[in-house]
Each structure stands twice: as structure tokens, then as C-alpha cells.
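What's in upload34.cif: mmCIF, C-alpha atoms
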data_entry
#
loop_
_atom_site.label_atom_id
_atom_site.label_comp_id
_atom_site.auth_asym_id
_atom_site.auth_seq_id
_atom_site.Cartn_x
_atom_site.Cartn_y
_atom_site.Cartn_z
CA MET N 407 0.00 0.00 0.00
CA ARG N 408 1.21 3.48 -0.90
CA PHE N 409 0.60 6.54 1.26
CA GLY N 410 0.24 10.18 0.28
CA PHE N 411 -1.38 13.45 1.30
CA MET N 412 -4.33 15.45 0.04
CA MET N 413 -3.11 19.07 0.12
CA PRO N 414 -5.86 21.66 -0.55
CA PHE N 415 -3.85 24.79 0.41
CA GLN N 416 -6.89 26.13 2.32
CA ASN N 417 -6.62 29.35 4.32
CA PRO N 418 -9.85 29.83 6.32
CA PRO N 419 -10.57 33.40 7.50
CA ARG N 420 -10.64 32.28 11.15
CA TRP N 421 -6.99 31.08 10.94
CA ALA N 422 -5.87 33.20 7.99
CA ARG N 423 -2.17 33.65 7.15
CA PRO N 424 -0.50 35.57 4.30
CA TYR N 425 -0.75 33.43 1.19
CA PRO N 426 2.98 33.55 0.32
CA GLU N 427 3.74 32.23 3.82
CA LEU N 428 1.05 29.54 3.56
CA TYR N 429 2.15 28.33 0.11
CA ARG N 430 5.81 28.28 1.13
CA GLU N 431 5.03 26.20 4.22
CA PHE N 432 2.89 23.68 2.32
CA ILE N 433 5.56 23.20 -0.34
CA ASP N 434 8.15 22.81 2.44
CA GLN N 435 5.92 20.05 3.82
CA THR N 436 6.12 18.20 0.50
CA VAL N 437 9.89 18.10 1.01
CA LEU N 438 9.35 16.74 4.52
CA ALA N 439 6.90 14.15 3.16
CA GLU N 440 9.55 12.93 0.75
CA GLU N 441 12.13 12.73 3.53
CA LEU N 442 9.71 10.73 5.69
CA GLY N 443 9.08 8.18 2.94
CA TYR N 444 5.61 9.11 1.71
CA ASP N 445 4.77 8.14 -1.85
CA THR N 446 2.54 10.86 -3.29
CA ILE N 447 1.38 14.44 -2.87
CA TRP N 448 -2.20 14.83 -4.13
CA LEU N 449 -3.37 18.33 -5.10
CA THR N 450 -7.05 19.27 -5.20
CA GLU N 451 -9.03 22.01 -6.94
CA HIS N 452 -11.96 24.31 -6.14
CA HIS N 453 -12.91 27.85 -7.09
CA PHE N 454 -14.33 31.03 -5.56
CA ASP N 455 -13.97 29.85 -1.94
CA ASP N 456 -13.43 32.27 0.94
CA ASP N 457 -10.65 30.01 2.20
CA GLY N 458 -8.76 30.02 -1.12
CA TRP N 459 -9.03 26.26 -1.70
CA SER N 460 -6.34 25.86 -4.37
CA PRO N 461 -7.86 26.93 -7.72
CA SER N 462 -4.77 26.30 -9.88
CA LEU N 463 -3.14 22.89 -9.50
CA LEU N 464 -0.64 22.64 -12.31
CA PRO N 465 1.48 25.65 -11.20
CA LEU N 466 1.56 24.11 -7.70
CA ALA N 467 2.60 20.76 -9.16
CA ALA N 468 5.41 22.46 -11.10
CA GLY N 469 6.62 24.19 -7.94
CA ILE N 470 6.64 20.91 -6.01
CA ALA N 471 8.45 19.20 -8.89
CA THR N 472 11.36 21.62 -8.58
CA ARG N 473 11.68 21.10 -4.80
CA THR N 474 11.50 17.28 -4.69
CA SER N 475 13.23 14.37 -6.39
CA ARG N 476 11.36 11.14 -5.58
CA ILE N 477 7.79 11.67 -4.36
CA ARG N 478 5.05 11.44 -6.99
CA ILE N 479 2.84 14.45 -7.67
CA GLY N 480 -0.84 13.86 -8.43
CA THR N 481 -4.05 15.81 -8.94
CA PHE N 482 -7.04 14.61 -6.91
CA ILE N 483 -8.72 16.09 -8.83
CA LEU N 484 -8.28 18.58 -11.65
CA ILE N 485 -11.78 19.64 -12.78
CA LEU N 486 -11.46 18.97 -16.49
CA PRO N 487 -14.62 20.76 -17.76
CA PHE N 488 -13.05 24.07 -16.63
CA GLN N 489 -9.87 23.50 -18.68
CA HIS N 490 -8.98 23.22 -22.35
CA ALA N 491 -7.85 19.61 -22.60
CA LEU N 492 -5.06 20.31 -25.08
CA ARG N 493 -3.53 22.92 -22.76
CA VAL N 494 -3.80 20.42 -19.89
CA ALA N 495 -1.94 17.86 -22.02
CA GLU N 496 0.86 20.36 -22.72
CA ASP N 497 1.10 21.72 -19.16
CA ALA N 498 0.99 18.25 -17.62
CA ALA N 499 3.68 17.02 -20.04
CA THR N 500 5.86 19.94 -18.91
CA ILE N 501 5.36 18.95 -15.24
CA ASP N 502 6.22 15.35 -16.09
CA ILE N 503 9.47 16.63 -17.59
CA LEU N 504 10.24 18.94 -14.64
CA SER N 505 9.68 16.03 -12.25
CA ASN N 506 11.46 13.46 -14.46
CA GLY N 507 8.37 11.29 -14.80
CA ARG N 508 6.59 11.69 -11.45
CA LEU N 509 3.16 13.03 -12.48
CA ASP N 510 -0.21 11.32 -11.94
CA LEU N 511 -3.07 13.19 -13.62
CA GLY N 512 -6.42 12.68 -11.91
CA VAL N 513 -9.47 14.45 -13.32
CA GLY N 514 -13.14 14.74 -12.50
CA LYS N 515 -16.31 16.39 -13.75
CA GLY N 516 -16.90 18.79 -10.82
CA TYR N 517 -20.11 19.29 -8.88
CA ARG N 518 -20.39 22.74 -7.26
CA LEU N 519 -23.13 24.91 -8.79
CA LYS N 520 -21.36 28.23 -8.21
CA GLU N 521 -18.26 27.01 -10.01
CA PHE N 522 -20.14 26.17 -13.20
CA THR N 523 -22.06 29.44 -12.97
CA GLY N 524 -18.83 31.37 -12.40
CA PHE N 525 -17.13 29.86 -15.44
CA GLY N 526 -20.29 30.14 -17.56
CA ILE N 527 -20.26 26.43 -18.37
CA PRO N 528 -23.58 24.53 -18.48
CA ARG N 529 -23.40 21.92 -15.75
CA GLU N 530 -25.31 19.40 -17.83
CA GLN N 531 -22.38 19.28 -20.27
CA ARG N 532 -19.81 18.23 -17.69
CA GLU N 533 -19.85 14.48 -18.36
CA ALA N 534 -19.41 14.88 -22.10
CA LEU N 535 -16.68 17.49 -21.51
CA LEU N 536 -14.89 15.06 -19.18
CA GLU N 537 -14.95 12.15 -21.61
CA GLU N 538 -13.95 14.21 -24.64
CA GLY N 539 -11.22 15.97 -22.67
CA LEU N 540 -9.71 12.68 -21.50
CA GLU N 541 -9.62 11.32 -25.04
CA VAL N 542 -7.90 14.49 -26.26
CA ILE N 543 -5.26 14.28 -23.49
CA ARG N 544 -4.57 10.57 -24.05
CA ARG N 545 -4.29 10.94 -27.82
CA ALA N 546 -2.11 14.05 -27.52
CA TRP N 547 0.29 12.05 -25.35
CA THR N 548 0.32 8.82 -27.36
CA GLU N 549 -0.15 9.74 -31.04
CA GLU N 550 2.45 11.48 -33.16
CA THR N 551 -0.24 13.61 -34.85
CA PHE N 552 -4.00 13.41 -34.41
CA SER N 553 -7.26 15.08 -35.32
CA PHE N 554 -10.43 15.05 -33.24
CA GLU N 555 -14.01 15.96 -34.06
CA GLY N 556 -16.37 15.94 -31.10
CA GLN N 557 -19.20 17.90 -29.55
CA PHE N 558 -16.84 20.41 -27.92
CA TYR N 559 -13.38 19.84 -29.40
CA HIS N 560 -12.61 20.36 -33.09
CA LEU N 561 -8.89 19.72 -33.56
CA ARG N 562 -6.89 19.15 -36.74
CA ASP N 563 -3.35 17.85 -37.22
CA VAL N 564 -2.28 18.35 -33.60
CA ARG N 565 1.17 17.35 -32.43
CA ILE N 566 2.39 18.32 -28.95
CA SER N 567 6.05 18.82 -28.15
CA PRO N 568 7.78 18.17 -25.81
CA ARG N 569 6.14 14.94 -24.81
CA PRO N 570 5.88 13.38 -21.33
CA VAL N 571 8.74 11.38 -19.86
CA GLN N 572 6.46 8.50 -18.79
CA GLN N 573 5.53 6.13 -21.59
CA PRO N 574 3.07 5.46 -23.03
CA HIS N 575 1.80 8.35 -20.87
CA PRO N 576 1.53 9.50 -17.23
CA PRO N 577 -1.08 7.53 -15.25
CA LEU N 578 -4.61 8.83 -15.81
CA TRP N 579 -7.23 8.68 -13.04
CA ILE N 580 -10.91 9.56 -12.72
CA GLY N 581 -12.37 10.82 -9.46
CA ALA N 582 -15.81 9.36 -8.75
CA ARG N 583 -18.39 9.26 -5.95
CA GLY N 584 -21.37 7.57 -7.61
CA LYS N 585 -21.97 4.24 -9.33
CA LYS N 586 -22.30 5.73 -12.82
CA SER N 587 -19.04 7.66 -12.49
CA VAL N 588 -17.19 4.63 -11.12
CA GLU N 589 -18.41 2.51 -14.02
CA ARG N 590 -17.24 5.24 -16.41
CA ALA N 591 -13.69 4.99 -15.04
CA ALA N 592 -13.74 1.23 -15.62
CA ARG N 593 -15.31 1.49 -19.07
CA LEU N 594 -12.70 4.02 -20.24
CA GLY N 595 -9.85 2.07 -18.62
CA TYR N 596 -8.55 4.60 -16.09
CA HIS N 597 -7.48 4.29 -12.46
CA LEU N 598 -10.03 5.28 -9.79
CA MET N 599 -10.01 7.94 -7.07
CA GLY N 600 -12.74 7.62 -4.48
CA THR N 601 -13.87 8.70 -1.05
CA GLY N 602 -13.72 5.48 0.89
CA GLU N 603 -16.89 3.44 0.29
CA PHE N 604 -16.31 -0.30 -0.05
CA GLU N 605 -19.28 -0.84 -2.37
CA LEU N 606 -18.09 1.58 -5.04
CA GLN N 607 -14.63 0.07 -5.13
CA GLN N 608 -16.20 -3.34 -5.67
CA VAL N 609 -18.42 -1.90 -8.43
CA TYR N 610 -15.24 -0.65 -10.11
CA ASP N 611 -13.52 -4.05 -10.05
CA ARG N 612 -16.63 -5.80 -11.39
CA ALA N 613 -16.97 -3.22 -14.17
CA LEU N 614 -13.30 -3.62 -15.12
CA ALA N 615 -13.79 -7.36 -15.44
CA GLN N 616 -16.96 -6.86 -17.51
CA HIS N 617 -14.96 -4.75 -19.95
CA GLY N 618 -12.26 -7.41 -20.25
CA ARG N 619 -9.75 -5.69 -18.00
CA ASN N 620 -7.78 -7.19 -15.13
CA PRO N 621 -8.45 -5.27 -11.88
CA ALA N 622 -4.90 -6.09 -10.75
CA ASP N 623 -3.65 -3.75 -13.51
CA PHE N 624 -5.52 -0.76 -12.06
CA SER N 625 -4.96 1.33 -8.96
CA LEU N 626 -7.47 2.58 -6.39
CA THR N 627 -6.65 5.73 -4.44
CA GLN N 628 -9.01 6.49 -1.57
CA LEU N 629 -9.27 9.67 0.46
CA ARG N 630 -9.34 9.21 4.23
CA TRP N 631 -9.40 12.12 6.65
CA MET N 632 -6.81 11.22 9.26
CA TYR N 633 -4.91 12.94 12.07
CA VAL N 634 -2.62 11.25 14.58
CA ALA N 635 -1.26 12.36 17.96
CA LYS N 636 0.12 10.69 21.09
CA THR N 637 -3.35 10.25 22.59
CA ARG N 638 -6.84 10.17 21.09
CA GLU N 639 -7.86 13.07 23.34
CA GLN N 640 -4.98 15.20 22.09
CA ALA N 641 -5.78 14.33 18.48
CA TRP N 642 -9.41 15.42 18.81
CA GLU N 643 -8.49 18.57 20.73
CA GLU N 644 -6.07 19.62 17.99
CA ALA N 645 -7.95 18.51 14.88
CA GLY N 646 -11.57 18.80 16.01
CA PRO N 647 -12.28 22.49 15.23
CA HIS N 648 -10.70 22.16 11.80
CA LEU N 649 -12.61 18.99 10.95
CA SER N 650 -15.79 20.73 12.06
CA TYR N 651 -15.03 23.69 9.78
CA MET N 652 -14.45 21.36 6.84
CA PHE N 653 -17.74 19.51 7.26
CA SER N 654 -19.77 22.67 7.92
CA THR N 655 -18.52 24.33 4.72
CA ALA N 656 -18.40 21.32 2.38
CA MET N 657 -21.63 19.50 3.18
CA PRO N 658 -24.04 22.33 2.21
CA LEU N 659 -22.36 22.49 -1.21
CA LEU N 660 -22.77 18.75 -1.71
CA LYS N 661 -26.42 19.00 -0.73
CA GLU N 662 -26.98 21.96 -3.05
CA ALA N 663 -25.44 20.05 -5.97
CA GLY N 664 -27.55 16.97 -5.18
CA ASP N 665 -25.64 14.61 -7.44
CA LEU N 666 -26.39 11.61 -5.24
CA ARG N 667 -29.55 10.78 -3.32
CA LYS N 668 -27.59 10.69 -0.06
CA ASP N 669 -26.41 14.25 -0.80
CA ARG N 670 -29.93 15.54 -1.46
CA THR N 671 -31.21 14.06 1.80
CA MET N 672 -28.19 15.17 3.81
CA ARG N 673 -28.85 16.70 7.22
CA ASP N 674 -26.61 18.96 9.24
CA ALA N 675 -22.90 18.29 9.45
CA PRO N 676 -22.10 15.61 12.06
CA SER N 677 -21.13 16.91 15.47
CA LEU N 678 -17.68 16.30 16.85
CA ALA N 679 -19.28 14.42 19.75
CA ASP N 680 -20.98 12.01 17.33
CA LEU N 681 -17.80 11.49 15.33
CA GLN N 682 -15.77 10.78 18.46
CA LYS N 683 -18.13 7.90 19.33
CA ILE N 684 -17.26 6.03 16.11
CA ASP N 685 -14.57 3.40 16.54
CA PRO N 686 -11.69 4.13 14.15
CA ALA N 687 -11.85 0.58 12.78
CA THR N 688 -15.50 0.99 11.69
CA PRO N 689 -15.78 0.09 7.97
CA GLY N 690 -16.32 3.00 5.60
CA GLY N 691 -14.86 6.42 5.01
CA PHE N 692 -15.14 7.90 8.51
CA PRO N 693 -12.42 10.28 9.74
CA VAL N 694 -9.70 8.59 11.78
CA ILE N 695 -8.64 10.95 14.56
CA GLY N 696 -6.53 9.27 17.21
CA THR N 697 -3.31 7.44 17.97
CA ALA N 698 -0.97 5.49 15.73
CA ASP N 699 -2.66 2.28 16.92
CA ASP N 700 -6.06 3.72 15.95
CA CYS N 701 -4.74 4.43 12.45
CA ILE N 702 -3.28 0.93 12.15
CA ARG N 703 -6.58 -0.69 13.16
CA ALA N 704 -8.50 1.52 10.73
CA ILE N 705 -6.22 0.74 7.80
CA GLU N 706 -6.20 -2.99 8.60
CA SER N 707 -10.00 -3.00 8.68
CA TYR N 708 -10.12 -1.03 5.45
CA ARG N 709 -7.69 -3.34 3.69
CA GLN N 710 -9.62 -6.42 4.78
CA GLY N 711 -12.87 -4.94 3.48
CA THR N 712 -11.82 -3.96 0.01
CA ARG N 713 -9.00 -3.68 -2.51
CA VAL N 714 -7.05 -0.45 -2.15
CA THR N 715 -3.59 0.38 -3.50
CA ASP N 716 -3.17 3.97 -2.30
CA LEU N 717 -4.41 6.10 0.57
CA ALA N 718 -4.63 9.88 0.21
CA LEU N 719 -4.50 11.11 3.79
CA GLY N 720 -6.56 14.20 4.54
CA MET N 721 -4.16 15.26 7.28
CA HIS N 722 -3.86 18.88 6.12
CA LEU N 723 -7.11 20.00 7.72
CA PRO N 724 -8.10 23.61 6.92
CA GLY N 725 -6.44 26.11 9.24
CA LEU N 726 -4.51 23.53 11.26
CA ALA N 727 -1.18 24.92 12.47
CA SER N 728 1.86 23.81 10.48
CA GLU N 729 3.69 22.39 13.48
CA LYS N 730 0.73 20.13 14.28
CA ILE N 731 0.55 18.86 10.69
CA ARG N 732 4.29 18.13 10.74
CA GLN N 733 3.93 16.31 14.05
CA SER N 734 1.12 14.15 12.69
CA MET N 735 3.02 13.44 9.45
CA THR N 736 6.05 12.30 11.43
CA ILE N 737 4.19 10.04 13.87
CA PHE N 738 2.30 8.38 11.02
CA ALA N 739 5.48 7.82 9.00
CA ARG N 740 7.41 6.32 11.90
CA GLU N 741 4.71 4.30 13.67
CA VAL N 742 2.03 3.46 11.08
CA MET N 743 3.58 3.18 7.62
CA PRO N 744 6.14 0.49 8.53
CA ARG N 745 3.23 -1.89 9.27
CA PHE N 746 2.05 -1.68 5.65
CA LYS N 747 5.21 -1.18 3.62
#

Structure encoded using C-alpha cells:
Amino acid sequence: MRFGFMMPFQNPPRWARPYPELYREFIDQTVLAEELGYDTIWLTEHHFDDDGWSPSLLPLAAGIATRTSRIRIGTFILILPFQHALRVAEDAATIDILSNGRLDLGVGKGYRLKEFTGFGIPREQREALLEEGLEVIRRAWTEETFSFEGQFYHLRDVRISPRPVQQPHPPLWIGARGKKSVERAARLGYHLMGTGEFELQQVYDRALAQHGRNPADFSLTQLRWMYVAKTREQAWEEAGPHLSYMFSTAMPLLKEAGDLRKDRTMRDAPSLADLQKIDPATPGGFPVIGTADDCIRAIESYRQGTRVTDLALGMHLPGLASEKIRQSMTIFAREVMPRFK
């Protein structure tokens, strides 16, 4: 199993810091992650947020590429309908060169209403934009010259140069939360990024097999919110307010979008008291806030319940002090990762 971090570069008003200081510290933490033996840094995209949730992933990936030498750099996810796919192919190829072949490109269709309104893109076109965009990127990376005639892209005699270091191309991933989106990833033959539900991962493997693909050839990266300290009480005291902020800001946007039935019927964000009652080893995608032993039990339970190749740890909770993040990163690397490497 490989371990990495989800890094959203959030800067909530309640804990706000100057952005140059915040960005410098987060990129410094990617260097620390590499030194500690982590496998991947996952970058994530949103737009128009008060807390500055990173809106521009590829410049961040390029910056990280120049500061590191081993750790892989992935997007979890780049919202492809907001980008021109050919420019993504060129920019991502440049990052693959800067990093000497360490890029993983994960894309998704997006969900937030205000983002589609802000960019002036009809939300009902997002699935077609995603599929066309992925085909353009893959063909730009693998074909010497190509033309493409679709609903949105009309390209003739395209040849990108320079090309990526990784051959035939950098790994391509699709982020998915619902059954239809998971099946799309399998049908198109891309790796899957999910949010922790066993059932959807099993849907993915079945769909791969139905399309004549071997699940063992495909990776599953799952996001798990996780924070580790010397005691469970300390972990909750340090991470609790930041976890609460994250749920209270994210869940109304999921409910507003209403992509899944469980989103449309969503109630208020869970209280910290309710979350603390859940045993860390409970199956599913619940946050794991506790000790190194709690994390080990949770990952063991997770691994027994489903196939998973990579964990993206949501340890960089919004507004959490840098020294606490570094402390959690270090404890996890020294006391948890050796059990699974």
C-alpha cells in the first residue's frame, strides 16, 4: 500500500495567514513528506472559496516538482470541464518533464453549482466534456499527430512537443463518488479515485472485469481524513475544530449540488461528539482521529474490506497549524507506515 497526502492549500478566514507564507510552508511540507518516505502528494481544486481552496493545480505541481526528487505528484482532482484539454496535455507534459516522470493526472467532472455558474459552463455538459477531454489528453500524449471531431473539441493535425517522460503516458485517473461515475472509469480504462466506500470500489472491479480488463492492472486511491497524535484526546483537541469547519462548509455544497440521493437528503454536518463515538476501525470512510494504533486498526480494517492500493491522507485540515501537521506526518510515517510497507 502506498501513502500520500491530500493538500488543498486552504486558508480559512478564522486562521488566515498571508498566502505567500502559507504556500511556502505547504511546499516545504512536501519536502518533509519525501524525507519521511511518503509516496505521493495529491493536489485538489476548487474555485471562488473564501478560504482560497487551491484553484490552480498545475502551477503548484510544477513548484513541487522543482523542490522534490522522488515523491510522486498527483491531482485529486483537476476539474477537467473548466480546462482546455489540449492545454492540460501540454502543461501536464511539462510537469512530467520537470519532475522526471513523477506526475499522476487525476481528473473529474466537478459538482459545485457556483463554479459552473462562475465559469459560464452549463453543468449538464460536464460528463461529455470530461470524456472528450480525457480522449484528447490521451491521444495528444500517445499519437504522433492526431485530429479530433467531437461535440466540444474540433482539432486538426495536432502534435504536442515536448512529450511526457512517462511512456506510453503518465497515469490517468478519474475521481468518482457515484456508481455511474465509477463505471465510467472502468469502461474508459482509467485508475479510480474515491472517497472510501467499499461498495463503489467493488463496483469498479466488477466493471473492469466486464470490460475485459484485469483489476490487478488498475490502482485505487481512496481519500481518508486522518490525524494522529500521542493520545486520542490530544488528536481530537487539535484537529476537532478544523474537521468541524471542513464539514460545515463542504456539506451544504454537496447537498446543493444533489448529485447523489444521499447528498440531497443530507442533514446537518455531524457533530464532533458524534464522530468521536465512532470506533476508528468501523468500515467505511469515517475520519480517523486518534493514535498510531487507531490508524493501524483503521487501515487494517479497510484493507480487509476492500482492494485499495493507495491512501490519500486528509491530514492537512483547513487552518490547522503547520507544526501540528508536521507532528502528525512524522508520527504516522514512523509508527504506522512500517506496518504496511

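The interatomic distance for the pair CA of Arg740 (chain N) and CA of Leu438 (chain N) works out to 12.9 Å.
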
Could you check the closest approach to Arg612 (chain N) for each of N:Arg713, N:Lys730, N:Arg673, N:Arg493 and tell me which residue wins, using only C-alpha atoms?
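Ranking N:Arg713, N:Lys730, N:Arg673, N:Arg493 by distance to Arg612 (chain N), first place goes to N:Arg713.
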
I need the residue nearest Ile527 (chain N) from this list: N:Leu486, N:Asp497, N:Leu606, N:Leu561. Use all atoms listed in the file for the distance.
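Among the listed residues, the smallest separation from Ile527 (chain N) belongs to N:Leu486.
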
Pick out the closest residue to Ala582 (chain N) from this set: N:Lys515, N:Tyr633, N:Arg619, N:Leu540. Count all atoms listed in the file.
N:Lys515

Using only C-alpha atoms, which of the listed residues (N:Tyr708, N:Tyr559, N:Trp459, N:Phe738) sits closest to Leu442 (chain N)?
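Closest candidate: N:Phe738.
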
Run the PyMOL selection byres ((chain N and resi 468) around 10) on the file and write out the hits as a compact mmCIF listing (two decimals) with C-alpha atoms, in the frame of the given file.
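Listed below is the output, expr_26.txt:
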# COMPACT_ATOMS: atom_id res chain seq x y z
CA LEU N 463 -3.14 22.89 -9.50
CA LEU N 464 -0.64 22.64 -12.31
CA PRO N 465 1.48 25.65 -11.20
CA LEU N 466 1.56 24.11 -7.70
CA ALA N 467 2.60 20.76 -9.16
CA GLY N 469 6.62 24.19 -7.94
CA ILE N 470 6.64 20.91 -6.01
CA ALA N 471 8.45 19.20 -8.89
CA THR N 472 11.36 21.62 -8.58
CA ARG N 473 11.68 21.10 -4.80
CA ILE N 479 2.84 14.45 -7.67
CA ASP N 497 1.10 21.72 -19.16
CA ALA N 498 0.99 18.25 -17.62
CA THR N 500 5.86 19.94 -18.91
CA ILE N 501 5.36 18.95 -15.24
CA ASP N 502 6.22 15.35 -16.09
CA ILE N 503 9.47 16.63 -17.59
CA LEU N 504 10.24 18.94 -14.64
CA SER N 505 9.68 16.03 -12.25
CA LEU N 509 3.16 13.03 -12.48

Could you expand the PyMOL selection byres ((chain N and resi 420) around 10) into the explicit residues it covers here, written as a count of residues only?
10

Give as a ChimeraX atom specification every residue, naming chains and numbers as the document does, that has an atom within 7 Å of (-13.6, 13.7, -13.9), counting all atoms listed in the file.
/N:485-486,513-516,536,580-581

Interatomic distance (Å, one decimal) between CA of Arg630 (chain N) and CA of Gly720 (chain N)
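Here the two named atoms are 5.7 Å from each other.
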
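Counting from CA of Val564 (chain N), the distance to CA of Phe552 (chain N) is 5.3 Å.
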
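Using all atoms listed in the file, the protein and nucleic acid residues lying at most 12 Å from the point (-25.7, 16.6, -5.5) are Gly516, Tyr517, Arg518, Leu519, Arg529, Arg583, Gly584, Ala656, Met657, Pro658, Leu659, Leu660, Lys661, Glu662, Ala663, Gly664, Asp665, Leu666, Arg667, Lys668, Asp669, Arg670, Thr671 and Met672 of chain N.
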
Among the residues N:Glu549, N:Glu521, N:Glu451, N:Glu538, the one that comes closest to His490 (chain N) [using all atoms listed in the file]
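The closest residue to His490 (chain N) is N:Glu538.
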
Counting all atoms listed in the file, the option among N:Val634, N:Met407, N:Arg545, N:Val437 closest to Thr736 (chain N)
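Answer, going by the shortest atom-to-atom distance: N:Val634.
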
Translate the PyMOL selection byres ((chain N and resi 700) around 12), as applied to the file shown, into an explicit residue set as a PyMOL selection string.
chain N and resi 632-638+641+684-688+693-699+701-707+738+741-742

Contacts of region 408-412 of chain N at 8 Å (all atoms listed in the file; same-chain gap of 4+ positions) as an MDAnalysis selection string
chainID N and resid 444:450 482 629 715:722 743 747

Box for region 414-426 of chain N: with edges along x, y and z, all listed atoms inside and 3 Å added on each side, what are the centre and edge lengths in Å to one decimal, as AutoDock Vina command-line options?
--center_x -3.8 --center_y 28.6 --center_z 5.3 --size_x 19.6 --size_y 19.9 --size_z 17.7

As a list in words, please: the residues near Gln573 (chain N) (cut-off 12 Å, only C-alpha atoms, same-chain neighbours under 2 positions excluded).
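The filter keeps Ala499, Asp502, Ile503, Asn506, Gly507, Arg508, Leu509, Arg544, Trp547, Thr548, Glu549, Arg569, Pro570, Val571, His575, Pro576, Pro577 and Leu578 of chain N.
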